[in-house]
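Peer 1: Structure below; questions to follow.
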Amino acid sequence: MKPYLLILNISLGIMLVTCEENKTNPEYQFEAKVLGRNTDCGFFAIQFTNNNQQANEIAGTLYTEYTFIAKNLPTELQVEGLPIMLNIRRIQDSELGVCTAMGPSYPWIYVLEAEKNKK
């Protein structure tokens, strides 16, 4: 009987160690302001107001104005001047849109989730 208890205890111990709680942060990492529709690409642009360097690292750029084309920005947040909170990721090549190269060019980011900034 003791070997079964030993195996049971080891199994439970391994299960408790490997089944960690999902620690995704529900808080939004970035604050930004919606700048309006970019005339070159037709998508809305945003300008980060905090964690600027981290946004550049995620986007893979060294851009200093912190203005980005925001792919997947929810329709209800596409309001010029609106302060928002959001989480982002680097955009994939297959997600890039077509731009005319006749207006300002900005790096792209992909919006994972966003909401109006209540501050």
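Residues are named by chain letter and number: chains run A, B, ... in the order of the structure tokens, numbers start at 1 in each chain, and ligands are numbered from 1 in the order shown.
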Tell me, as a list in words, which residues lie within 10 Å of Gly97 of chain A, counting only C-alpha atoms; anything in the same chain fewer than 2 positions away does not count.
Peer 2: Cys41, Gly42, Phe43, Ile69, Lys71, Asp93, Ser94, Glu95, Cys99 and Trp108 of chain A
Peer 1: Pull C-alpha atoms from the residues just selected and write them as a tab-separated table (two decimals), in the first residue's frame.
Peer 2:
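Heads up, here's the output in selection12.tsv:
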chain	number	residue	atom	x	y	z
A	41	CYS	CA	-2.97	53.63	-45.56
A	42	GLY	CA	-6.60	54.21	-44.55
A	43	PHE	CA	-6.16	52.79	-41.04
A	69	ILE	CA	-0.74	52.56	-37.63
A	71	LYS	CA	-4.36	47.47	-37.24
A	93	ASP	CA	3.77	40.51	-42.69
A	94	SER	CA	0.51	38.92	-43.84
A	95	GLU	CA	-1.49	41.49	-41.81
A	99	CYS	CA	-0.31	52.14	-48.53
A	108	TRP	CA	2.46	49.23	-37.81
Peer 1: What's around segment 60-62 of chain A at 10 Å? Count only C-alpha atoms, leave out sequence neighbours fewer than 5 positions away in its own chain, and write the answer as a count of residues only.
Peer 2: 9
Peer 1: Excluding same-chain residues fewer than 6 positions from Gln47 of chain A, what lies within 12 Å of it counting only C-alpha atoms, as a list of chain:residue names?
Peer 2: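 In the requested format, the answer is A:Phe30, A:Glu31, A:Ala32, A:Lys33, A:Val34, A:Leu35, A:Gly36, A:Ala55, A:Asn56, A:Tyr63, A:Thr64, A:Glu65, A:Tyr66, A:Thr67, A:Phe68, A:Ile69, A:Ala70, A:Glu80, A:Gly81, A:Leu82, A:Pro83, A:Ile84, A:Met85, A:Leu86, A:Tyr106, A:Pro107, A:Trp108, A:Ile109.
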Peer 1: How about saving the chosen residues, N, CA, C and O atoms kept, as an mmCIF file, in the first residue's frame?
Peer 2:
data_model
loop_
_atom_site.group_PDB
_atom_site.id
_atom_site.type_symbol
_atom_site.label_atom_id
_atom_site.label_comp_id
_atom_site.auth_asym_id
_atom_site.auth_seq_id
_atom_site.Cartn_x
_atom_site.Cartn_y
_atom_site.Cartn_z
ATOM 1 N N PHE A 30 -0.487 49.796 -22.264
ATOM 2 C CA PHE A 30 -0.178 51.040 -22.954
ATOM 3 C C PHE A 30 -1.343 52.016 -22.909
ATOM 4 O O PHE A 30 -2.500 51.608 -22.912
ATOM 5 N N GLU A 31 -0.995 53.277 -22.896
ATOM 6 C CA GLU A 31 -1.968 54.349 -23.068
ATOM 7 C C GLU A 31 -1.595 55.072 -24.356
ATOM 8 O O GLU A 31 -0.420 55.241 -24.671
ATOM 9 N N ALA A 32 -2.618 55.495 -25.092
ATOM 10 C CA ALA A 32 -2.370 56.170 -26.364
ATOM 11 C C ALA A 32 -3.519 57.119 -26.668
ATOM 12 O O ALA A 32 -4.560 57.094 -26.002
ATOM 13 N N LYS A 33 -3.310 57.926 -27.681
ATOM 14 C CA LYS A 33 -4.338 58.830 -28.171
ATOM 15 C C LYS A 33 -4.567 58.498 -29.643
ATOM 16 O O LYS A 33 -3.609 58.330 -30.400
ATOM 17 N N VAL A 34 -5.830 58.393 -30.035
ATOM 18 C CA VAL A 34 -6.168 58.118 -31.425
ATOM 19 C C VAL A 34 -5.969 59.406 -32.214
ATOM 20 O O VAL A 34 -6.485 60.466 -31.845
ATOM 21 N N LEU A 35 -5.180 59.332 -33.283
ATOM 22 C CA LEU A 35 -4.862 60.519 -34.071
ATOM 23 C C LEU A 35 -5.796 60.731 -35.255
ATOM 24 O O LEU A 35 -5.856 61.800 -35.804
ATOM 25 N N GLY A 36 -6.492 59.722 -35.656
ATOM 26 C CA GLY A 36 -7.372 59.827 -36.822
ATOM 27 C C GLY A 36 -6.932 58.872 -37.911
ATOM 28 O O GLY A 36 -5.933 58.170 -37.791
ATOM 29 N N ALA A 55 6.803 49.953 -26.528
ATOM 30 C CA ALA A 55 6.026 49.865 -27.772
ATOM 31 C C ALA A 55 6.964 49.713 -28.964
ATOM 32 O O ALA A 55 6.710 48.912 -29.866
ATOM 33 N N ASN A 56 8.052 50.462 -28.965
ATOM 34 C CA ASN A 56 9.042 50.339 -30.036
ATOM 35 C C ASN A 56 9.663 48.951 -30.057
ATOM 36 O O ASN A 56 9.888 48.378 -31.120
ATOM 37 N N TYR A 63 11.527 54.057 -33.745
ATOM 38 C CA TYR A 63 10.789 55.261 -34.090
ATOM 39 C C TYR A 63 10.670 56.168 -32.872
ATOM 40 O O TYR A 63 10.324 55.712 -31.785
ATOM 41 N N THR A 64 10.927 57.467 -33.018
ATOM 42 C CA THR A 64 10.957 58.371 -31.866
ATOM 43 C C THR A 64 9.688 59.184 -31.682
ATOM 44 O O THR A 64 9.525 59.817 -30.650
ATOM 45 N N GLU A 65 8.787 59.191 -32.644
ATOM 46 C CA GLU A 65 7.554 59.960 -32.478
ATOM 47 C C GLU A 65 6.447 59.137 -31.827
ATOM 48 O O GLU A 65 5.424 59.683 -31.451
ATOM 49 N N TYR A 66 6.633 57.845 -31.720
ATOM 50 C CA TYR A 66 5.696 56.938 -31.064
ATOM 51 C C TYR A 66 4.305 56.965 -31.691
ATOM 52 O O TYR A 66 3.308 56.771 -31.024
ATOM 53 N N THR A 67 4.255 57.231 -32.977
ATOM 54 C CA THR A 67 3.017 57.193 -33.741
ATOM 55 C C THR A 67 3.043 55.935 -34.586
ATOM 56 O O THR A 67 4.033 55.655 -35.258
ATOM 57 N N PHE A 68 1.951 55.167 -34.548
ATOM 58 C CA PHE A 68 1.881 53.895 -35.244
ATOM 59 C C PHE A 68 0.542 53.755 -35.937
ATOM 60 O O PHE A 68 -0.463 54.317 -35.491
ATOM 61 N N ILE A 69 0.511 52.984 -37.016
ATOM 62 C CA ILE A 69 -0.740 52.564 -37.631
ATOM 63 C C ILE A 69 -1.264 51.413 -36.784
ATOM 64 O O ILE A 69 -0.551 50.442 -36.533
ATOM 65 N N ALA A 70 -2.505 51.521 -36.327
ATOM 66 C CA ALA A 70 -3.089 50.537 -35.394
ATOM 67 C C ALA A 70 -4.040 49.606 -36.131
ATOM 68 O O ALA A 70 -5.224 49.896 -36.274
ATOM 69 N N GLU A 80 -11.053 60.384 -33.477
ATOM 70 C CA GLU A 80 -9.881 61.246 -33.362
ATOM 71 C C GLU A 80 -9.850 61.959 -32.012
ATOM 72 O O GLU A 80 -10.848 62.488 -31.537
ATOM 73 N N GLY A 81 -8.681 61.911 -31.359
ATOM 74 C CA GLY A 81 -8.479 62.559 -30.067
ATOM 75 C C GLY A 81 -8.867 61.717 -28.871
ATOM 76 O O GLY A 81 -8.659 62.133 -27.729
ATOM 77 N N LEU A 82 -9.426 60.542 -29.085
ATOM 78 C CA LEU A 82 -9.884 59.683 -27.990
ATOM 79 C C LEU A 82 -8.698 59.058 -27.262
ATOM 80 O O LEU A 82 -7.843 58.425 -27.885
ATOM 81 N N PRO A 83 -8.619 59.210 -25.924
ATOM 82 C CA PRO A 83 -7.570 58.519 -25.174
ATOM 83 C C PRO A 83 -7.978 57.052 -24.963
ATOM 84 O O PRO A 83 -9.116 56.778 -24.591
ATOM 85 N N ILE A 84 -7.059 56.142 -25.231
ATOM 86 C CA ILE A 84 -7.363 54.715 -25.112
ATOM 87 C C ILE A 84 -6.289 54.001 -24.314
ATOM 88 O O ILE A 84 -5.191 54.518 -24.117
ATOM 89 N N MET A 85 -6.628 52.801 -23.857
ATOM 90 C CA MET A 85 -5.695 51.875 -23.216
ATOM 91 C C MET A 85 -5.717 50.617 -24.065
ATOM 92 O O MET A 85 -6.780 50.183 -24.513
ATOM 93 N N LEU A 86 -4.531 50.010 -24.300
ATOM 94 C CA LEU A 86 -4.503 48.868 -25.200
ATOM 95 C C LEU A 86 -3.327 47.946 -24.927
ATOM 96 O O LEU A 86 -2.375 48.325 -24.244
ATOM 97 N N TYR A 106 4.158 55.436 -41.217
ATOM 98 C CA TYR A 106 4.402 55.081 -39.822
ATOM 99 C C TYR A 106 4.553 53.573 -39.699
ATOM 100 O O TYR A 106 4.007 52.818 -40.506
ATOM 101 N N PRO A 107 5.253 53.109 -38.658
ATOM 102 C CA PRO A 107 5.310 51.668 -38.410
ATOM 103 C C PRO A 107 3.932 51.155 -37.983
ATOM 104 O O PRO A 107 3.099 51.923 -37.523
ATOM 105 N N TRP A 108 3.742 49.862 -38.125
ATOM 106 C CA TRP A 108 2.458 49.233 -37.810
ATOM 107 C C TRP A 108 2.567 48.425 -36.522
ATOM 108 O O TRP A 108 3.599 47.827 -36.227
ATOM 109 N N ILE A 109 1.455 48.369 -35.795
ATOM 110 C CA ILE A 109 1.296 47.457 -34.657
ATOM 111 C C ILE A 109 -0.086 46.799 -34.794
ATOM 112 O O ILE A 109 -0.957 47.313 -35.499
#
Peer 1: Counting only C-alpha atoms, which residue out of A:Tyr110, A:Tyr28, A:Phe44, A:Tyr4 sits closest to Leu77 of chain A?
Peer 2: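 Closest candidate: A:Phe44.
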Peer 1: Record the distance separating atom CA of Asn50 of chain A and atom CA of Leu96 of chain A, expressed in Å with one decimal.
Peer 2: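 Spanning atom CA of Asn50 of chain A to atom CA of Leu96 of chain A is a straight-line distance of 24.4 Å.
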Peer 1: Ranking A:Gln78, A:Ala45, A:Ala114, A:Ser105 by minimum distance to Gln29 of chain A and counting only C-alpha atoms, which one comes first?
Peer 2: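 Smallest separation from Gln29 of chain A among the options: A:Ala114.
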Peer 1: Identify, with DSSP run on backbone atoms, the residues in chain A assigned to alpha helix (DSSP H), and express the list as a list of chain:residue names.
Peer 2: A:Lys2, A:Pro3, A:Tyr4, A:Leu5, A:Leu6, A:Ile7, A:Leu8, A:Asn9, A:Ile10, A:Ser11, A:Leu12, A:Gly13, A:Ile14, A:Met15, A:Leu16, A:Val17, A:Thr18, A:Asn52, A:Gln53, A:Gln54, A:Ala55, A:Asn56, A:Glu57, A:Ile58, A:Ala59
Peer 1: If you measure from atom CA of Lys119 of chain A to atom CA of Asn72 of chain A, what distance in Å do you get, rounded to one decimal?
Peer 2: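 Distance reported for this atom pair: 22.9 Å.
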Peer 1: Quick one: distance from atom CA of Met102 of chain A to atom CA of Asn38 of chain A in Å, one decimal?
Peer 2: 10.9 Å
